[in-house]
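What follows is a single structure, written as structure tokens, with notes after it.
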Amino acid sequence: MPERLVIALGGNALQSKDSAPTAEAQLEVVRQTARHIAEISGRGYEMAVVHGNGPQVGRILLASETAKEVVPPMPFDVCGAMSQGYIGYHIQQALKYALSARNWNCPVVSITTQVVVDRNDPAFQNLTKPIGGFCSKEEAERLEREKGYVMREDAGRGWRRVVASPLPRRIVEIGAVRLLWDHAIVITCGGGGIPVVENPNGTLEGVAAVIDKDFAAELLAEEVGADALLILTEVEKVAINWGKPDQRDLDHLSLAEAARYVEEGQFGVGSMLPKVEAAMKFVRANPGKRAIITSLDKSVDALEGKTGTVITFA
């Protein structure tokens, strides 16, 4: 029976820091990403793909706010839905071509996905999720004064705006994902999903937040009974003492080891920490399964046990 896999794509799989922040440049990066995903599919894995949207939703929001004298600005949840649509379209197009080049006629579909969060989640009082591009400290201070944004330094890479990042509770369209699973590669929970809360009358209402895509991918992996959660980022392995002379890359982490390093503050809040925590959550709920954190270009090798950081229950 084919192994079921949920893949969480990091920002570097969508946009290169060395290219212009345009749709055209993004599509070119996504085409390269699609080759790796197609290679995984060609190895016989069944899969769903989850992607981030931090820079993209930030730019959409900025464009909307900049044009507010001409057209009313879009609510934050709508900006998230817009990013989900165009990123999903890019992945669909590029991945279908990459699969066809390998004579693999597998449909690729993207689903506009809502994810329920708790309106009382403490995250709404403690903003941590970075969105948009990086800027200098001086520019961050200006945005705080003029726009009322909350800006924070992000792992030594610059300053970014942060918003609430509540935990995902329920994937609204999970039934459709399950129906499509045996027939297509599904792109779902894009950007972590469009965050919505449930009203007493059963209706759903969008909220201003960004759900971490790694936690959304973990919830999806649980809901579809995935055998593995593959979190792809910029580095080949998780490391402790990052950027220091005694940095050490990790081949394997047990739950206990991972918890100890989290307690020590070894992982950046806006970067590696949510990936490790999502991996821990998956293996805690599925003791016989594994989560893998590695880079996009090492994804196939990592699935074969040749590299990457593997997180297991023990």
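Chain labels follow the order of the structure tokens: the first chain is A, the next B, and so on; residue numbering restarts at 1 in every chain, and ligands are counted from 1 in their shown order.
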
Original post:
Just asking: which residues within segment 120-311 of chain A are helix (DSSP H, G or I) according to DSSP, as a ChimeraX atom specification?
Top reply: /A:122-125,137-147,174-181,190-192,213-223,255-264,272-285,296-303

Subject >> Surrounding residues of Lys289 of chain A excluding itself and chain neighbours under 4 positions, 8 Å, only C-alpha atoms, as number ranges by chain >> reply: A: 227-228, 283, 312-313

Generate the output file for the selected residues, C-alpha atoms, as a compact mmCIF listing (two decimals), in the first residue's frame.
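Output (out17.txt):
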# COMPACT_ATOMS: atom_id res chain seq x y z
CA ASP A 227 2.31 7.84 7.46
CA ALA A 228 4.75 10.76 7.57
CA VAL A 283 4.56 11.80 16.44
CA THR A 312 10.10 9.93 16.27
CA PHE A 313 8.33 9.06 19.50

**OP:** Could you please write out, as a PyMOL selection string, every residue of segment 198-240 of chain A that DSSP assigns to strand (DSSP E or B)?
**Re:** chain A and resi 198+204-206+228-233+239-240

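Using only C-alpha atoms, the protein and nucleic acid residues lying no more than 12 Å from Ile240 of chain A, apart from those fewer than 2 places from it along its own chain, are Lys237, Val238, Trp242, Gly243, Lys244, Pro245, Asp246, Gln247, Arg248, Asp249, Leu250, Asp251, Leu253, Glu257, Ala258, Arg260, Tyr261, Val262, Glu264, Gly265, Gln266, Phe267, Gly268, Met272, Leu273, Val276 and Thr309 of chain A.
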
May I have the residues from that selection written out with N, CA and C atoms, as a PDB file, in the first residue's frame?
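For reference, selection.pdb as written:
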ATOM      1  N   LYS A 237      19.119  20.156   7.929  1.00  0.00           N
ATOM      2  CA  LYS A 237      18.842  19.518   9.213  1.00  0.00           C
ATOM      3  C   LYS A 237      18.546  20.568  10.277  1.00  0.00           C
ATOM      4  N   VAL A 238      17.802  20.164  11.269  1.00  0.00           N
ATOM      5  CA  VAL A 238      17.604  20.982  12.460  1.00  0.00           C
ATOM      6  C   VAL A 238      18.929  21.042  13.219  1.00  0.00           C
ATOM      7  N   TRP A 242      22.438  27.247  16.948  1.00  0.00           N
ATOM      8  CA  TRP A 242      22.432  27.744  15.570  1.00  0.00           C
ATOM      9  C   TRP A 242      23.297  29.006  15.428  1.00  0.00           C
ATOM     10  N   GLY A 243      24.174  28.990  14.410  1.00  0.00           N
ATOM     11  CA  GLY A 243      24.995  30.140  14.096  1.00  0.00           C
ATOM     12  C   GLY A 243      26.176  30.352  15.025  1.00  0.00           C
ATOM     13  N   LYS A 244      26.387  29.438  15.967  1.00  0.00           N
ATOM     14  CA  LYS A 244      27.493  29.558  16.910  1.00  0.00           C
ATOM     15  C   LYS A 244      28.617  28.592  16.525  1.00  0.00           C
ATOM     16  N   PRO A 245      29.808  28.797  17.058  1.00  0.00           N
ATOM     17  CA  PRO A 245      30.925  27.894  16.719  1.00  0.00           C
ATOM     18  C   PRO A 245      30.635  26.435  17.032  1.00  0.00           C
ATOM     19  N   ASP A 246      29.812  26.192  18.052  1.00  0.00           N
ATOM     20  CA  ASP A 246      29.513  24.802  18.427  1.00  0.00           C
ATOM     21  C   ASP A 246      28.165  24.321  17.884  1.00  0.00           C
ATOM     22  N   GLN A 247      27.716  24.925  16.769  1.00  0.00           N
ATOM     23  CA  GLN A 247      26.470  24.461  16.146  1.00  0.00           C
ATOM     24  C   GLN A 247      26.550  22.969  15.840  1.00  0.00           C
ATOM     25  N   ARG A 248      25.464  22.265  16.120  1.00  0.00           N
ATOM     26  CA  ARG A 248      25.430  20.825  15.852  1.00  0.00           C
ATOM     27  C   ARG A 248      24.145  20.455  15.122  1.00  0.00           C
ATOM     28  N   ASP A 249      24.306  19.882  13.941  1.00  0.00           N
ATOM     29  CA  ASP A 249      23.162  19.410  13.168  1.00  0.00           C
ATOM     30  C   ASP A 249      22.676  18.079  13.737  1.00  0.00           C
ATOM     31  N   LEU A 250      21.378  17.885  13.714  1.00  0.00           N
ATOM     32  CA  LEU A 250      20.763  16.720  14.338  1.00  0.00           C
ATOM     33  C   LEU A 250      20.181  15.772  13.297  1.00  0.00           C
ATOM     34  N   ASP A 251      20.581  14.508  13.364  1.00  0.00           N
ATOM     35  CA  ASP A 251      20.040  13.486  12.462  1.00  0.00           C
ATOM     36  C   ASP A 251      18.713  12.945  12.967  1.00  0.00           C
ATOM     37  N   LEU A 253      15.745  13.082  16.422  1.00  0.00           N
ATOM     38  CA  LEU A 253      15.258  13.646  17.674  1.00  0.00           C
ATOM     39  C   LEU A 253      14.133  12.769  18.203  1.00  0.00           C
ATOM     40  N   GLU A 257      13.985  14.455  23.636  1.00  0.00           N
ATOM     41  CA  GLU A 257      15.095  15.327  23.250  1.00  0.00           C
ATOM     42  C   GLU A 257      14.580  16.637  22.666  1.00  0.00           C
ATOM     43  N   ALA A 258      13.584  16.523  21.798  1.00  0.00           N
ATOM     44  CA  ALA A 258      13.021  17.719  21.176  1.00  0.00           C
ATOM     45  C   ALA A 258      12.431  18.648  22.236  1.00  0.00           C
ATOM     46  N   ARG A 260      13.285  18.921  25.329  1.00  0.00           N
ATOM     47  CA  ARG A 260      14.361  19.542  26.101  1.00  0.00           C
ATOM     48  C   ARG A 260      14.963  20.732  25.343  1.00  0.00           C
ATOM     49  N   TYR A 261      15.191  20.569  24.048  1.00  0.00           N
ATOM     50  CA  TYR A 261      15.760  21.660  23.267  1.00  0.00           C
ATOM     51  C   TYR A 261      14.787  22.828  23.137  1.00  0.00           C
ATOM     52  N   VAL A 262      13.496  22.517  23.036  1.00  0.00           N
ATOM     53  CA  VAL A 262      12.489  23.584  23.010  1.00  0.00           C
ATOM     54  C   VAL A 262      12.533  24.357  24.316  1.00  0.00           C
ATOM     55  N   GLU A 264      15.013  24.757  26.241  1.00  0.00           N
ATOM     56  CA  GLU A 264      16.257  25.534  26.286  1.00  0.00           C
ATOM     57  C   GLU A 264      16.214  26.763  25.379  1.00  0.00           C
ATOM     58  N   GLY A 265      15.184  26.862  24.531  1.00  0.00           N
ATOM     59  CA  GLY A 265      15.093  27.979  23.608  1.00  0.00           C
ATOM     60  C   GLY A 265      16.017  27.857  22.414  1.00  0.00           C
ATOM     61  N   GLN A 266      16.284  26.627  21.994  1.00  0.00           N
ATOM     62  CA  GLN A 266      17.230  26.386  20.908  1.00  0.00           C
ATOM     63  C   GLN A 266      16.695  26.796  19.531  1.00  0.00           C
ATOM     64  N   PHE A 267      15.372  26.906  19.391  1.00  0.00           N
ATOM     65  CA  PHE A 267      14.788  27.112  18.062  1.00  0.00           C
ATOM     66  C   PHE A 267      14.088  28.467  17.976  1.00  0.00           C
ATOM     67  N   GLY A 268      14.312  29.163  16.859  1.00  0.00           N
ATOM     68  CA  GLY A 268      13.740  30.487  16.661  1.00  0.00           C
ATOM     69  C   GLY A 268      12.219  30.469  16.627  1.00  0.00           C
ATOM     70  N   MET A 272      12.302  28.010  13.172  1.00  0.00           N
ATOM     71  CA  MET A 272      12.368  26.562  13.365  1.00  0.00           C
ATOM     72  C   MET A 272      11.432  26.041  14.456  1.00  0.00           C
ATOM     73  N   LEU A 273      11.119  26.847  15.449  1.00  0.00           N
ATOM     74  CA  LEU A 273      10.304  26.354  16.571  1.00  0.00           C
ATOM     75  C   LEU A 273       8.967  25.759  16.137  1.00  0.00           C
ATOM     76  N   VAL A 276       9.469  22.254  14.586  1.00  0.00           N
ATOM     77  CA  VAL A 276       9.779  21.210  15.552  1.00  0.00           C
ATOM     78  C   VAL A 276       8.542  20.865  16.379  1.00  0.00           C
ATOM     79  N   THR A 309      16.452  15.717   9.448  1.00  0.00           N
ATOM     80  CA  THR A 309      16.246  15.418  10.863  1.00  0.00           C
ATOM     81  C   THR A 309      14.945  14.662  11.006  1.00  0.00           C
TER      82      THR A 309
END

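Once Pro166 of chain A and its same-chain neighbours fewer than 4 positions away are set aside, A:Val116, A:Val117, A:Asp118, A:Arg119, A:Asn120, A:Asp121, A:Pro122, A:Ala123, A:Phe124, A:Gln125, A:Asn126, A:Leu127, A:Thr128, A:Lys129, A:Pro195, A:Ala209, A:Val210, A:Ile211, A:Asp212, A:Phe215 remain within 10 Å of it when counting only C-alpha atoms.
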
Could you save those same residues with C-alpha atoms as a CSV table (one decimal), in the first residue's frame?
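Final output, part_0.csv:
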chain,number,residue,atom,x,y,z
A,116,VAL,CA,-11.5,26.9,12.4
A,117,VAL,CA,-9.7,28.5,15.3
A,118,ASP,CA,-10.8,29.4,18.8
A,119,ARG,CA,-11.8,33.0,19.2
A,120,ASN,CA,-10.4,32.9,22.7
A,121,ASP,CA,-7.0,31.5,21.7
A,122,PRO,CA,-4.3,33.3,23.7
A,123,ALA,CA,-2.5,34.0,20.4
A,124,PHE,CA,-4.8,36.9,19.8
A,125,GLN,CA,-3.2,38.6,22.8
A,126,ASN,CA,0.3,37.6,21.9
A,127,LEU,CA,1.2,38.4,18.2
A,128,THR,CA,4.0,36.2,16.9
A,129,LYS,CA,3.4,35.2,13.2
A,195,PRO,CA,-8.7,31.4,9.8
A,209,ALA,CA,-4.8,36.0,11.8
A,210,VAL,CA,-2.4,33.7,10.1
A,211,ILE,CA,-2.4,30.0,11.0
A,212,ASP,CA,1.1,28.5,11.0
A,215,PHE,CA,0.6,23.2,12.4

Show me, as JSON lines, the residues of segment 111-213 of chain A having an atom within 12 Å of segment 8-12 of chain A, each with the closest atom pair and its distance in Å, using only C-alpha atoms.
{"residue": "A:Pro130", "atom": "CA", "partner": "A:Gly11", "partner_atom": "CA", "distance": 11.7}
{"residue": "A:Ile131", "atom": "CA", "partner": "A:Gly11", "partner_atom": "CA", "distance": 10.9}
{"residue": "A:Gly132", "atom": "CA", "partner": "A:Gly11", "partner_atom": "CA", "distance": 11.1}
{"residue": "A:Gly133", "atom": "CA", "partner": "A:Gly11", "partner_atom": "CA", "distance": 11.2}
{"residue": "A:Ile187", "atom": "CA", "partner": "A:Ala8", "partner_atom": "CA", "distance": 10.1}
{"residue": "A:Thr188", "atom": "CA", "partner": "A:Ala8", "partner_atom": "CA", "distance": 10.2}
{"residue": "A:Cys189", "atom": "CA", "partner": "A:Ala8", "partner_atom": "CA", "distance": 9.8}
{"residue": "A:Gly190", "atom": "CA", "partner": "A:Ala8", "partner_atom": "CA", "distance": 9.5}
{"residue": "A:Gly191", "atom": "CA", "partner": "A:Leu9", "partner_atom": "CA", "distance": 9.8}
{"residue": "A:Gly192", "atom": "CA", "partner": "A:Ala8", "partner_atom": "CA", "distance": 9.6}
{"residue": "A:Asp212", "atom": "CA", "partner": "A:Ala8", "partner_atom": "CA", "distance": 10.5}
{"residue": "A:Lys213", "atom": "CA", "partner": "A:Ala8", "partner_atom": "CA", "distance": 7.0}

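Between atom CA of Met151 of chain A and atom CA of Gly58 of chain A lies a distance of 12.8 Å.
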
**OP:** Please identify all polymer residues within 10 Å of Val177 of chain A, counting only C-alpha atoms, omitting same-chain residues fewer than 3 positions from it, and present them as a VMD selection string.
**Re:** chain A and resid 48 109 to 111 113 171 to 174 180 to 182 184 to 188 220 223 to 224

Original post:
What does the distance between atom CA of Asn241 of chain A and atom CA of Arg290 of chain A come to in Å, to one decimal place?
Top reply: 23.8 Å

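The shortest atom-to-atom distance to Gly270 of chain A, with only C-alpha atoms taken into account, belongs to A:Arg161 out of A:Arg161, A:Arg178, A:His252, A:His183.
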
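The interatomic distance for the pair atom CA of Glu218 of chain A and atom CA of Phe282 of chain A works out to 5.9 Å.
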
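In this comparison, which uses only C-alpha atoms, the residue of A:Thr112, A:Ser136, A:Gln15, A:Ser271 approaching Ala81 of chain A most closely is A:Thr112.
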
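Nearest residue to Arg169 of chain A, choosing from A:Glu46, A:Glu139, A:Glu222, A:Glu304 and counting only C-alpha atoms: A:Glu222.
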
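Proximity to Leu229 of chain A was assessed for A:Leu95, A:Ala256, A:Leu62, A:Val6 counting only C-alpha atoms; the smallest distance is recorded for A:Val6.
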
**OP:** Choose the residue, out of A:Ile87, A:Val269, A:Val115, A:Val310, that has the smallest atom-to-atom separation from Glu24 of chain A; count only C-alpha atoms.
**Re:** A:Ile87

Original post:
Leaving out Leu296 of chain A and any residue of its chain fewer than 2 positions from it, which residues lie within 12 Å of it when counting only C-alpha atoms, given as a PyMOL selection string?
Top reply: chain A and resi 7-14+29-30+32-37+39-40+230-237+292-294+298-303+307-308

Write out, as an mmCIF file, in the first residue's frame, the residues just selected, with N, CA and C atoms.
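Result file part20.cif:
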data_model
loop_
_atom_site.group_PDB
_atom_site.id
_atom_site.type_symbol
_atom_site.label_atom_id
_atom_site.label_comp_id
_atom_site.auth_asym_id
_atom_site.auth_seq_id
_atom_site.Cartn_x
_atom_site.Cartn_y
_atom_site.Cartn_z
ATOM 1 N N ILE A 7 3.098 17.112 2.813
ATOM 2 C CA ILE A 7 4.288 17.944 2.614
ATOM 3 C C ILE A 7 3.953 19.391 2.961
ATOM 4 N N ALA A 8 4.745 19.991 3.835
ATOM 5 C CA ALA A 8 4.612 21.408 4.170
ATOM 6 C C ALA A 8 5.758 22.165 3.506
ATOM 7 N N LEU A 9 5.420 23.049 2.595
ATOM 8 C CA LEU A 9 6.419 23.805 1.847
ATOM 9 C C LEU A 9 6.738 25.116 2.546
ATOM 10 N N GLY A 10 8.027 25.380 2.771
ATOM 11 C CA GLY A 10 8.468 26.641 3.339
ATOM 12 C C GLY A 10 8.494 27.748 2.305
ATOM 13 N N GLY A 11 8.764 28.961 2.775
ATOM 14 C CA GLY A 11 8.744 30.118 1.889
ATOM 15 C C GLY A 11 9.734 30.044 0.744
ATOM 16 N N ASN A 12 10.890 29.388 0.987
ATOM 17 C CA ASN A 12 11.899 29.300 -0.071
ATOM 18 C C ASN A 12 11.444 28.422 -1.221
ATOM 19 N N ALA A 13 10.395 27.630 -1.020
ATOM 20 C CA ALA A 13 9.853 26.801 -2.088
ATOM 21 C C ALA A 13 8.943 27.599 -3.017
ATOM 22 N N LEU A 14 8.627 28.832 -2.608
ATOM 23 C CA LEU A 14 7.717 29.672 -3.391
ATOM 24 C C LEU A 14 8.395 30.912 -3.945
ATOM 25 N N VAL A 29 10.242 29.965 -9.391
ATOM 26 C CA VAL A 29 10.698 29.194 -8.236
ATOM 27 C C VAL A 29 9.798 27.987 -8.016
ATOM 28 N N VAL A 30 8.491 28.186 -8.158
ATOM 29 C CA VAL A 30 7.544 27.087 -7.966
ATOM 30 C C VAL A 30 7.784 25.980 -9.001
ATOM 31 N N GLN A 32 10.627 25.031 -10.128
ATOM 32 C CA GLN A 32 11.736 24.228 -9.604
ATOM 33 C C GLN A 32 11.272 23.354 -8.444
ATOM 34 N N THR A 33 10.440 23.922 -7.577
ATOM 35 C CA THR A 33 9.879 23.173 -6.452
ATOM 36 C C THR A 33 9.077 21.983 -6.953
ATOM 37 N N ALA A 34 8.289 22.197 -7.990
ATOM 38 C CA ALA A 34 7.404 21.157 -8.516
ATOM 39 C C ALA A 34 8.195 19.940 -8.998
ATOM 40 N N ARG A 35 9.396 20.153 -9.470
ATOM 41 C CA ARG A 35 10.213 19.019 -9.926
ATOM 42 C C ARG A 35 10.521 18.082 -8.764
ATOM 43 N N HIS A 36 10.793 18.640 -7.600
ATOM 44 C CA HIS A 36 11.077 17.811 -6.424
ATOM 45 C C HIS A 36 9.821 17.068 -5.974
ATOM 46 N N ILE A 37 8.681 17.744 -5.977
ATOM 47 C CA ILE A 37 7.434 17.096 -5.565
ATOM 48 C C ILE A 37 7.067 15.996 -6.545
ATOM 49 N N GLU A 39 9.124 14.258 -8.281
ATOM 50 C CA GLU A 39 10.043 13.150 -8.036
ATOM 51 C C GLU A 39 9.553 12.291 -6.876
ATOM 52 N N ILE A 40 9.056 12.948 -5.816
ATOM 53 C CA ILE A 40 8.507 12.205 -4.682
ATOM 54 C C ILE A 40 7.294 11.405 -5.115
ATOM 55 N N LEU A 230 6.270 15.627 6.241
ATOM 56 C CA LEU A 230 7.529 16.122 5.685
ATOM 57 C C LEU A 230 7.486 17.647 5.655
ATOM 58 N N ILE A 231 8.300 18.268 6.501
ATOM 59 C CA ILE A 231 8.340 19.724 6.591
ATOM 60 C C ILE A 231 9.605 20.209 5.894
ATOM 61 N N LEU A 232 9.424 20.974 4.825
ATOM 62 C CA LEU A 232 10.547 21.423 4.010
ATOM 63 C C LEU A 232 10.850 22.889 4.287
ATOM 64 N N THR A 233 12.133 23.180 4.479
ATOM 65 C CA THR A 233 12.561 24.520 4.829
ATOM 66 C C THR A 233 13.870 24.823 4.115
ATOM 67 N N GLU A 234 14.630 25.803 4.618
ATOM 68 C CA GLU A 234 15.850 26.216 3.922
ATOM 69 C C GLU A 234 17.077 25.405 4.316
ATOM 70 N N VAL A 235 17.010 24.703 5.432
ATOM 71 C CA VAL A 235 18.194 23.993 5.926
ATOM 72 C C VAL A 235 17.997 22.487 5.822
ATOM 73 N N GLU A 236 19.112 21.774 5.678
ATOM 74 C CA GLU A 236 19.059 20.324 5.502
ATOM 75 C C GLU A 236 18.676 19.600 6.789
ATOM 76 N N LYS A 237 19.119 20.156 7.929
ATOM 77 C CA LYS A 237 18.842 19.518 9.213
ATOM 78 C C LYS A 237 18.546 20.568 10.277
ATOM 79 N N ILE A 292 9.682 14.481 9.407
ATOM 80 C CA ILE A 292 11.010 14.779 8.864
ATOM 81 C C ILE A 292 11.091 16.271 8.569
ATOM 82 N N ILE A 293 12.184 16.890 8.986
ATOM 83 C CA ILE A 293 12.454 18.290 8.655
ATOM 84 C C ILE A 293 13.737 18.326 7.837
ATOM 85 N N THR A 294 13.649 18.906 6.648
ATOM 86 C CA THR A 294 14.826 18.982 5.788
ATOM 87 C C THR A 294 14.615 20.064 4.735
ATOM 88 N N LYS A 298 16.769 18.238 -0.652
ATOM 89 C CA LYS A 298 17.158 16.971 -0.031
ATOM 90 C C LYS A 298 15.945 16.125 0.336
ATOM 91 N N SER A 299 14.772 16.502 -0.143
ATOM 92 C CA SER A 299 13.541 15.851 0.294
ATOM 93 C C SER A 299 13.500 14.369 -0.044
ATOM 94 N N VAL A 300 13.903 13.985 -1.241
ATOM 95 C CA VAL A 300 13.872 12.574 -1.624
ATOM 96 C C VAL A 300 14.861 11.776 -0.786
ATOM 97 N N ASP A 301 16.074 12.301 -0.625
ATOM 98 C CA ASP A 301 17.072 11.616 0.205
ATOM 99 C C ASP A 301 16.588 11.474 1.645
ATOM 100 N N ALA A 302 15.909 12.508 2.149
ATOM 101 C CA ALA A 302 15.431 12.459 3.530
ATOM 102 C C ALA A 302 14.367 11.380 3.702
ATOM 103 N N LEU A 303 13.485 11.243 2.728
ATOM 104 C CA LEU A 303 12.465 10.202 2.802
ATOM 105 C C LEU A 303 13.087 8.807 2.777
ATOM 106 N N THR A 307 19.332 11.681 4.914
ATOM 107 C CA THR A 307 19.652 12.983 5.484
ATOM 108 C C THR A 307 18.411 13.531 6.168
ATOM 109 N N GLY A 308 18.469 14.817 6.545
ATOM 110 C CA GLY A 308 17.355 15.421 7.233
ATOM 111 C C GLY A 308 17.355 15.089 8.717
#
